[in-house]
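S.K.: File model18.txt below, compact mmCIF, C-alpha atoms:
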```
# COMPACT_ATOMS: atom_id res chain seq x y z
CA ASP A 28 -13.73 -32.14 3.78
CA THR A 29 -14.57 -28.44 4.00
CA GLY A 30 -17.65 -28.65 1.79
CA VAL A 31 -15.95 -26.65 -0.96
CA SER A 32 -15.33 -28.65 -4.11
CA GLN A 33 -13.22 -27.85 -7.14
CA ASP A 34 -13.10 -29.44 -10.55
CA PRO A 35 -10.93 -30.70 -12.09
CA ARG A 36 -8.34 -31.59 -9.47
CA HIS A 37 -5.61 -31.74 -12.06
CA LYS A 38 -5.28 -30.22 -15.50
CA ILE A 39 -2.43 -30.60 -17.95
CA THR A 40 -2.54 -28.40 -21.00
CA LYS A 41 -0.30 -27.14 -23.74
CA ARG A 42 0.86 -23.55 -23.91
CA GLY A 43 -1.62 -21.38 -25.72
CA GLN A 44 -4.69 -23.41 -24.84
CA ASN A 45 -7.61 -22.12 -22.78
CA VAL A 46 -8.59 -23.76 -19.50
CA THR A 47 -11.54 -23.34 -17.18
CA PHE A 48 -11.82 -24.35 -13.54
CA ARG A 49 -14.93 -24.60 -11.43
CA CYS A 50 -15.54 -24.03 -7.72
CA ASP A 51 -18.66 -25.10 -5.86
CA PRO A 52 -18.71 -23.34 -2.50
CA ILE A 53 -20.71 -24.02 0.63
CA SER A 54 -24.18 -22.94 -0.45
CA GLU A 55 -24.95 -20.34 2.20
CA HIS A 56 -21.59 -18.56 1.89
CA ASN A 57 -22.06 -15.47 -0.24
CA ARG A 58 -18.39 -14.47 -0.44
CA LEU A 59 -15.99 -16.41 -2.66
CA TYR A 60 -12.26 -15.96 -3.20
CA TRP A 61 -9.83 -17.33 -5.76
CA TYR A 62 -6.15 -17.77 -4.90
CA ARG A 63 -3.12 -19.01 -6.80
CA GLN A 64 -0.31 -20.96 -5.14
CA THR A 65 3.05 -21.73 -6.69
CA LEU A 66 5.48 -24.28 -5.35
CA GLY A 67 6.97 -23.37 -1.99
CA GLN A 68 4.86 -20.23 -1.58
CA GLY A 69 1.68 -19.43 0.26
CA PRO A 70 -1.54 -18.77 -1.63
CA GLU A 71 -1.86 -15.36 -3.35
CA PHE A 72 -5.16 -13.57 -3.76
CA LEU A 73 -6.58 -13.34 -7.28
CA THR A 74 -10.16 -12.14 -7.06
CA TYR A 75 -13.19 -11.88 -4.80
CA PHE A 76 -16.97 -12.16 -5.28
CA GLN A 77 -19.82 -11.02 -3.09
CA ASN A 78 -22.70 -13.08 -4.44
CA GLU A 79 -22.51 -12.60 -8.23
CA ALA A 80 -20.59 -9.32 -8.10
CA GLN A 81 -16.85 -9.39 -8.65
CA LEU A 82 -15.70 -6.74 -6.17
CA GLU A 83 -11.94 -6.96 -6.24
CA LYS A 84 -9.22 -8.16 -8.57
CA SER A 85 -5.53 -8.53 -7.83
CA ARG A 86 -2.79 -7.21 -10.08
CA LEU A 87 -1.93 -10.88 -10.59
CA LEU A 88 -5.13 -11.28 -12.58
CA SER A 89 -3.94 -10.37 -16.07
CA ASP A 90 -6.25 -9.80 -19.04
CA ARG A 91 -5.97 -13.47 -19.88
CA PHE A 92 -7.78 -14.38 -16.68
CA SER A 93 -11.51 -14.03 -16.20
CA ALA A 94 -13.72 -15.16 -13.37
CA GLU A 95 -17.48 -15.39 -13.10
CA ARG A 96 -20.07 -16.29 -10.54
CA PRO A 97 -23.25 -16.02 -12.58
CA LYS A 98 -25.87 -16.96 -10.02
CA GLY A 99 -23.98 -16.24 -6.87
CA SER A 100 -23.35 -19.93 -6.31
CA PHE A 101 -20.60 -21.75 -8.23
CA SER A 102 -17.73 -19.82 -9.81
CA THR A 103 -15.50 -20.38 -12.80
CA LEU A 104 -11.97 -19.18 -13.47
CA GLU A 105 -10.82 -19.17 -17.08
CA ILE A 106 -7.30 -18.68 -18.32
CA GLN A 107 -6.90 -17.90 -22.00
CA ARG A 108 -3.75 -18.53 -24.00
CA THR A 109 -2.06 -20.29 -21.11
CA GLU A 110 1.62 -19.73 -20.46
CA GLN A 111 4.09 -21.90 -18.57
CA GLY A 112 4.11 -19.31 -15.79
CA ASP A 113 0.45 -20.06 -15.17
CA SER A 114 1.38 -23.47 -13.78
CA ALA A 115 0.20 -23.43 -10.18
CA MET A 116 -2.45 -24.63 -7.78
CA TYR A 117 -5.66 -22.60 -8.06
CA LEU A 118 -7.64 -22.51 -4.84
CA CYS A 119 -11.15 -21.40 -4.09
CA ALA A 120 -12.27 -20.36 -0.61
CA THR A 121 -15.43 -19.16 1.09
CA PRO A 122 -15.94 -17.67 4.56
CA PRO A 123 -19.18 -18.04 6.50
CA GLY A 124 -21.09 -14.84 7.11
CA GLU A 125 -18.96 -11.85 8.01
CA THR A 126 -16.12 -13.86 9.53
CA ASP A 127 -12.52 -13.86 8.36
CA THR A 128 -12.11 -17.65 8.52
CA GLN A 129 -11.99 -19.14 5.04
CA TYR A 130 -12.86 -22.68 4.01
CA PHE A 131 -10.65 -23.77 1.14
CA GLY A 132 -11.36 -26.29 -1.56
CA PRO A 133 -8.79 -28.93 -2.52
CA GLY A 134 -7.57 -26.85 -5.43
CA THR A 135 -6.96 -27.44 -9.12
CA ARG A 136 -3.37 -28.10 -10.06
CA LEU A 137 -2.59 -26.71 -13.50
CA THR A 138 0.45 -27.78 -15.46
CA VAL A 139 1.19 -25.90 -18.67
CA LEU A 140 3.60 -27.72 -20.97
CA LEU B 5 -1.33 -5.25 6.37
CA ALA B 6 1.08 -6.40 9.04
CA LYS B 7 3.99 -8.41 7.68
CA THR B 8 4.71 -11.72 9.36
CA THR B 9 7.99 -13.57 9.76
CA GLN B 10 8.21 -17.23 10.69
CA PRO B 11 10.87 -19.93 10.38
CA ILE B 12 11.11 -21.59 7.01
CA SER B 13 11.21 -25.10 8.45
CA MET B 14 11.21 -27.10 11.67
CA ASP B 15 11.86 -30.72 12.51
CA SER B 16 10.37 -32.69 15.37
CA TYR B 17 9.72 -36.23 16.53
CA GLU B 18 6.47 -37.93 17.31
CA GLY B 19 5.16 -37.21 20.78
CA GLN B 20 7.01 -33.94 21.19
CA GLU B 21 5.48 -30.52 21.65
CA VAL B 22 6.15 -28.16 18.78
CA ASN B 23 6.14 -24.40 19.11
CA ILE B 24 6.19 -22.23 15.99
CA THR B 25 6.76 -18.54 16.60
CA CYS B 26 5.60 -15.81 14.26
CA SER B 27 6.79 -12.20 14.41
CA HIS B 28 4.42 -9.38 13.48
CA ASN B 29 6.03 -6.19 14.75
CA ASN B 30 3.64 -3.88 12.90
CA ILE B 31 0.41 -5.48 14.09
CA ALA B 32 -2.44 -2.98 14.30
CA THR B 33 -4.99 -2.58 17.06
CA ASN B 34 -7.80 -4.23 15.08
CA ASP B 35 -5.68 -7.12 13.78
CA TYR B 36 -6.31 -10.71 14.78
CA ILE B 37 -3.76 -13.53 14.49
CA THR B 38 -4.79 -16.62 12.60
CA TRP B 39 -2.98 -19.84 11.83
CA TYR B 40 -3.69 -22.18 8.94
CA GLN B 41 -2.35 -25.66 8.20
CA GLN B 42 -1.78 -27.03 4.73
CA PHE B 43 -1.08 -30.61 3.70
CA PRO B 44 0.37 -31.40 0.26
CA SER B 45 -2.16 -31.18 -2.55
CA GLN B 46 -4.83 -29.72 -0.28
CA GLY B 47 -6.11 -26.24 0.47
CA PRO B 48 -5.15 -24.52 3.74
CA ARG B 49 -7.23 -25.38 6.79
CA PHE B 50 -8.04 -23.00 9.65
CA ILE B 51 -6.44 -24.06 12.94
CA ILE B 52 -6.84 -21.29 15.49
CA GLN B 53 -7.35 -17.57 15.87
CA GLY B 54 -6.70 -15.15 18.71
CA TYR B 55 -6.38 -11.50 19.68
CA LYS B 56 -4.44 -11.59 22.95
CA THR B 57 -3.25 -13.87 25.76
CA LYS B 58 -4.01 -17.53 25.17
CA VAL B 59 -6.47 -19.44 23.05
CA THR B 60 -6.83 -23.20 23.09
CA ASN B 61 -8.90 -25.57 21.02
CA GLU B 62 -8.86 -29.30 20.37
CA VAL B 63 -6.01 -28.97 17.89
CA ALA B 64 -3.60 -26.35 19.23
CA SER B 65 -2.89 -23.47 21.56
CA LEU B 66 -2.03 -19.95 20.58
CA PHE B 67 0.03 -17.77 22.89
CA ILE B 68 0.09 -14.02 22.36
CA PRO B 69 2.18 -11.77 24.63
CA ALA B 70 0.90 -8.44 25.87
CA ASP B 71 2.65 -6.40 23.18
CA ARG B 72 1.17 -8.70 20.45
CA LYS B 73 4.31 -8.32 18.34
CA SER B 74 4.66 -12.07 18.12
CA SER B 75 2.62 -15.19 18.61
CA THR B 76 3.39 -18.86 19.17
CA LEU B 77 1.42 -21.78 17.83
CA SER B 78 1.81 -24.77 20.10
CA LEU B 79 1.05 -28.29 18.88
CA PRO B 80 1.01 -30.79 21.76
CA ARG B 81 2.39 -34.28 21.19
CA VAL B 82 2.73 -34.14 17.42
CA SER B 83 2.24 -37.17 15.24
CA LEU B 84 3.39 -37.98 11.72
CA SER B 85 0.10 -36.61 10.42
CA ASP B 86 1.01 -33.14 11.69
CA THR B 87 3.66 -32.89 8.98
CA ALA B 88 2.45 -29.88 7.02
CA VAL B 89 3.06 -26.22 6.27
CA TYR B 90 1.81 -23.81 8.93
CA TYR B 91 0.93 -20.23 8.03
CA CYS B 92 0.66 -17.28 10.39
CA LEU B 93 -1.66 -14.50 9.19
CA VAL B 94 -2.50 -11.13 10.65
CA GLY B 95 -5.68 -9.38 9.57
CA ASP B 96 -8.25 -6.77 10.52
CA MET B 97 -11.43 -8.44 11.71
CA ASP B 98 -13.38 -5.24 11.21
CA THR B 99 -12.94 -5.57 7.47
CA GLY B 100 -13.80 -9.23 7.16
CA ARG B 101 -14.14 -8.97 3.41
CA ARG B 102 -10.42 -8.68 2.95
CA ALA B 103 -8.64 -11.57 1.29
CA LEU B 104 -6.11 -13.49 3.33
CA THR B 105 -2.43 -12.62 2.93
CA PHE B 106 -0.19 -15.64 3.29
CA GLY B 107 3.57 -15.67 3.73
CA SER B 108 5.74 -18.64 2.86
CA GLY B 109 4.83 -20.53 6.03
CA THR B 110 6.78 -22.94 8.23
CA ARG B 111 7.29 -26.43 6.91
CA LEU B 112 7.04 -28.84 9.86
CA GLN B 113 8.48 -32.30 9.40
CA VAL B 114 7.59 -34.84 12.07
CA GLN B 115 9.72 -37.96 12.17
CA PRO B 116 9.07 -41.27 13.92
```
As structure tokens, how would this structure be written, given the file I've shared?
M.R.:
Amino acid sequence: DTGVSQDPRHKITKRGQNVTFRCDPISEHNRLYWYRQTLGQGPEFLTYFQNEAQLEKSRLLSDRFSAERPKGSFSTLEIQRTEQGDSAMYLCATPPGETDTQYFGPGTRLTVL
Amino acid sequence: LAKTTQPISMDSYEGQEVNITCSHNNIATNDYITWYQQFPSQGPRFIIQGYKTKVTNEVASLFIPADRKSSTLSLPRVSLSDTAVYYCLVGDMDTGRRALTFGSGTRLQVQP
């Protein structure tokens, strides 16, 4: 257990529906990252927060994706009008202090039917 | 970012030592080498990190030759529970805010 929790662990939805995932990081970690991982591939960076500020977004993060971290603690990732290609594991990670080492949550596995 | 190349898969038996080599020919002066382990349906977990020569912790050893163009993760006496995907990453520690860049990893299968 890394201390990073994600909810839900699994989500099955129909194409076109909206979904929202939540990440609760280790409380004293002010940086938070979202990654997406498809089958057989390593995680790919989506977006990054420093406290409540979203500082970087990947090209993978289309207009249908939005992420927030309103109080600099937990974060949410919303996908609107889901598509089958959105099916993946969505991972949240936080590093302590200024280090590069990231503590990952267990992920949310999304299946879009 | 330095690109990494590692074997797609490896097989081993319980009790054997496993060495997974990663190539990173374009590693930069400020880059560190980090290895993560990932079990099915879990997020990646940090194993070990090094800059040069040899690093050892309670889980693994990391060997880095003088030219730093490759590195080898060594897992002593593997068990069935070491079956996982192992990722080699190269990154600049001076810009610690950078997101991690994962390749496809090496899928290690340990058999009894």
S.K.: What are the nearest atom pairs, with distances in Å to one decimal, for all residues of chain B that come at most 10 Å from chain A, using all atoms listed in the file, set out by chain and rising residue number as JSON lines?
M.R.:
```
{"residue": "B:Tyr36", "atom": "CA", "partner": "A:Asp127", "partner_atom": "CA", "distance": 9.5}
{"residue": "B:Thr38", "atom": "CA", "partner": "A:Thr128", "partner_atom": "CA", "distance": 8.4}
{"residue": "B:Trp39", "atom": "CA", "partner": "A:Thr128", "partner_atom": "CA", "distance": 10.0}
{"residue": "B:Tyr40", "atom": "CA", "partner": "A:Thr128", "partner_atom": "CA", "distance": 9.6}
{"residue": "B:Gln42", "atom": "CA", "partner": "A:Gly69", "partner_atom": "CA", "distance": 9.5}
{"residue": "B:Pro44", "atom": "CA", "partner": "A:Pro133", "partner_atom": "CA", "distance": 9.9}
{"residue": "B:Ser45", "atom": "CA", "partner": "A:Pro133", "partner_atom": "CA", "distance": 7.0}
{"residue": "B:Gln46", "atom": "CA", "partner": "A:Pro133", "partner_atom": "CA", "distance": 4.6}
{"residue": "B:Gly47", "atom": "CA", "partner": "A:Pro133", "partner_atom": "CA", "distance": 4.8}
{"residue": "B:Pro48", "atom": "CA", "partner": "A:Phe131", "partner_atom": "CA", "distance": 6.1}
{"residue": "B:Arg49", "atom": "CA", "partner": "A:Phe131", "partner_atom": "CA", "distance": 6.8}
{"residue": "B:Phe50", "atom": "CA", "partner": "A:Thr128", "partner_atom": "CA", "distance": 6.8}
{"residue": "B:Ile51", "atom": "CA", "partner": "A:Thr128", "partner_atom": "CA", "distance": 9.6}
{"residue": "B:Ile52", "atom": "CA", "partner": "A:Thr128", "partner_atom": "CA", "distance": 9.5}
{"residue": "B:Gln53", "atom": "CA", "partner": "A:Thr128", "partner_atom": "CA", "distance": 8.8}
{"residue": "B:Val89", "atom": "CA", "partner": "A:Gly69", "partner_atom": "CA", "distance": 9.2}
{"residue": "B:Tyr90", "atom": "CA", "partner": "A:Gly69", "partner_atom": "CA", "distance": 9.7}
{"residue": "B:Tyr91", "atom": "CA", "partner": "A:Gly69", "partner_atom": "CA", "distance": 7.8}
{"residue": "B:Gly95", "atom": "CA", "partner": "A:Asp127", "partner_atom": "CA", "distance": 8.3}
{"residue": "B:Asp96", "atom": "CA", "partner": "A:Asp127", "partner_atom": "CA", "distance": 8.6}
{"residue": "B:Met97", "atom": "CA", "partner": "A:Asp127", "partner_atom": "CA", "distance": 6.5}
{"residue": "B:Asp98", "atom": "CA", "partner": "A:Asp127", "partner_atom": "CA", "distance": 9.1}
{"residue": "B:Thr99", "atom": "CA", "partner": "A:Asp127", "partner_atom": "CA", "distance": 8.3}
{"residue": "B:Gly100", "atom": "CA", "partner": "A:Asp127", "partner_atom": "CA", "distance": 5.0}
{"residue": "B:Arg101", "atom": "CA", "partner": "A:Asp127", "partner_atom": "CA", "distance": 7.1}
{"residue": "B:Arg102", "atom": "CA", "partner": "A:Asp127", "partner_atom": "CA", "distance": 7.8}
{"residue": "B:Ala103", "atom": "CA", "partner": "A:Phe72", "partner_atom": "CA", "distance": 6.5}
{"residue": "B:Leu104", "atom": "CA", "partner": "A:Phe72", "partner_atom": "CA", "distance": 7.2}
{"residue": "B:Thr105", "atom": "CA", "partner": "A:Glu71", "partner_atom": "CA", "distance": 6.9}
{"residue": "B:Phe106", "atom": "CA", "partner": "A:Gly69", "partner_atom": "CA", "distance": 5.2}
{"residue": "B:Gly107", "atom": "CA", "partner": "A:Gly69", "partner_atom": "CA", "distance": 5.5}
{"residue": "B:Ser108", "atom": "CA", "partner": "A:Gln68", "partner_atom": "CA", "distance": 4.8}
{"residue": "B:Gly109", "atom": "CA", "partner": "A:Gly69", "partner_atom": "CA", "distance": 6.7}
{"residue": "B:Arg111", "atom": "CA", "partner": "A:Gly67", "partner_atom": "CA", "distance": 9.4}
```
S.K.: Which one of B:Gln115, B:Ser65, B:Asn34, B:Thr110 sits closest to Ile12 in chain B if you count only C-alpha atoms?
M.R.: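 Smallest separation from Ile12 in chain B among the options: B:Thr110.
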S.K.: Hey, what's within 7 Å of range 98-104 of chain A if we count all atoms listed in the file and toss same-chain stuff fewer than 3 positions away? As a list in words, please?
M.R.: Thr47, Phe48, Arg49, Cys50, Asp51, Pro52, Ser54, Asn57, Asn78, Glu79, Ser93, Ala94 and Glu95 of chain A
S.K.: Can you write out the residues you just picked, keeping C-alpha atoms, as a PDB file, keeping the file's coordinate frame?
M.R.:
```pdb
ATOM      1  CA  THR A  47     -11.540 -23.340 -17.180  1.00  0.00           C
ATOM      2  CA  PHE A  48     -11.820 -24.350 -13.540  1.00  0.00           C
ATOM      3  CA  ARG A  49     -14.930 -24.600 -11.430  1.00  0.00           C
ATOM      4  CA  CYS A  50     -15.540 -24.030  -7.720  1.00  0.00           C
ATOM      5  CA  ASP A  51     -18.660 -25.100  -5.860  1.00  0.00           C
ATOM      6  CA  PRO A  52     -18.710 -23.340  -2.500  1.00  0.00           C
ATOM      7  CA  SER A  54     -24.180 -22.940  -0.450  1.00  0.00           C
ATOM      8  CA  ASN A  57     -22.060 -15.470  -0.240  1.00  0.00           C
ATOM      9  CA  ASN A  78     -22.700 -13.080  -4.440  1.00  0.00           C
ATOM     10  CA  GLU A  79     -22.510 -12.600  -8.230  1.00  0.00           C
ATOM     11  CA  SER A  93     -11.510 -14.030 -16.200  1.00  0.00           C
ATOM     12  CA  ALA A  94     -13.720 -15.160 -13.370  1.00  0.00           C
ATOM     13  CA  GLU A  95     -17.480 -15.390 -13.100  1.00  0.00           C
TER      14      GLU A  95
END
```
S.K.: Using CA of Tyr55 in chain B and CA of Leu84 in chain B as the two end points, give the distance in Å to one decimal.
M.R.: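 If I compute the distance from CA of Tyr55 in chain B to CA of Leu84 in chain B, I get 29.3 Å.
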S.K.: Could you tell me how far CA of Ala115 in chain A lies from CA of Thr65 in chain A, in Å and to one decimal?
M.R.: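 Separating CA of Ala115 in chain A from CA of Thr65 in chain A is a distance of 4.8 Å.
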S.K.: How far is it from CA of Tyr17 in chain B to CA of Ser75 in chain B, in Å with one decimal?
M.R.: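 Answer for the CA of Tyr17 in chain B to CA of Ser75 in chain B separation: 22.3 Å.
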S.K.: Would you mind telling me which residue in A:Gln107, A:Ser89, A:Gln81, A:Thr138 lies nearest to Thr40 in chain A when using all atoms listed in the file?
M.R.: A:Thr138
S.K.: Smallest atom-to-atom distance to Lys73 in chain B: which of B:Thr8, B:Asn23, B:Gln113, B:Thr87, using all atoms listed in the file?
M.R.: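 Among the listed residues, B:Thr8 lies closest to Lys73 in chain B.
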S.K.: Show me, as a list of chain:residue names, the residues that have an atom within 8 Å of Ser83 in chain B when counting all atoms listed in the file, minus same-chain residues fewer than 2 positions from it.
M.R.: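 Answer for this query is B:Tyr17, B:Glu18, B:Gly19, B:Arg81, B:Ser85, B:Asp86, B:Thr87, B:Val114.
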S.K.: Would you please work out which residue, of B:Phe43, B:Val22, B:Leu93, B:Pro80, is nearest to Asn61 in chain B when using only C-alpha atoms?
M.R.: B:Pro80
S.K.: Mind checking which residues fall within 8 Å of Pro11 in chain B, counting only C-alpha atoms, ignoring those fewer than 2 positions away in the same chain, and posting them as a list in words?
M.R.: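 The residues that qualify are Thr9, Ser13, Met14, Ile24, Thr25, Cys26, Gly109 and Thr110 of chain B.
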S.K.: Convert the current residue selection to file output with C-alpha atoms, as a PDB file, in the frame of the given file.
M.R.:
```pdb
ATOM      1  CA  THR B   9       7.990 -13.570   9.760  1.00  0.00           C
ATOM      2  CA  SER B  13      11.210 -25.100   8.450  1.00  0.00           C
ATOM      3  CA  MET B  14      11.210 -27.100  11.670  1.00  0.00           C
ATOM      4  CA  ILE B  24       6.190 -22.230  15.990  1.00  0.00           C
ATOM      5  CA  THR B  25       6.760 -18.540  16.600  1.00  0.00           C
ATOM      6  CA  CYS B  26       5.600 -15.810  14.260  1.00  0.00           C
ATOM      7  CA  GLY B 109       4.830 -20.530   6.030  1.00  0.00           C
ATOM      8  CA  THR B 110       6.780 -22.940   8.230  1.00  0.00           C
TER       9      THR B 110
END
```
S.K.: The residues within 12 Å of (-4.1, -31.8, -22.3), using all atoms listed in the file and the coordinates of the file, should be reported as number ranges by chain; which are they?
M.R.: A: 37-46, 109, 137-140
S.K.: For Ala70 in chain B, list every protein, DNA or RNA residue within 8 Å, evaluated using all atoms listed in the file, and leave out those in the same chain fewer than 2 positions away; present the list as a ChimeraX atom specification.
M.R.: /B:56-57,68,72
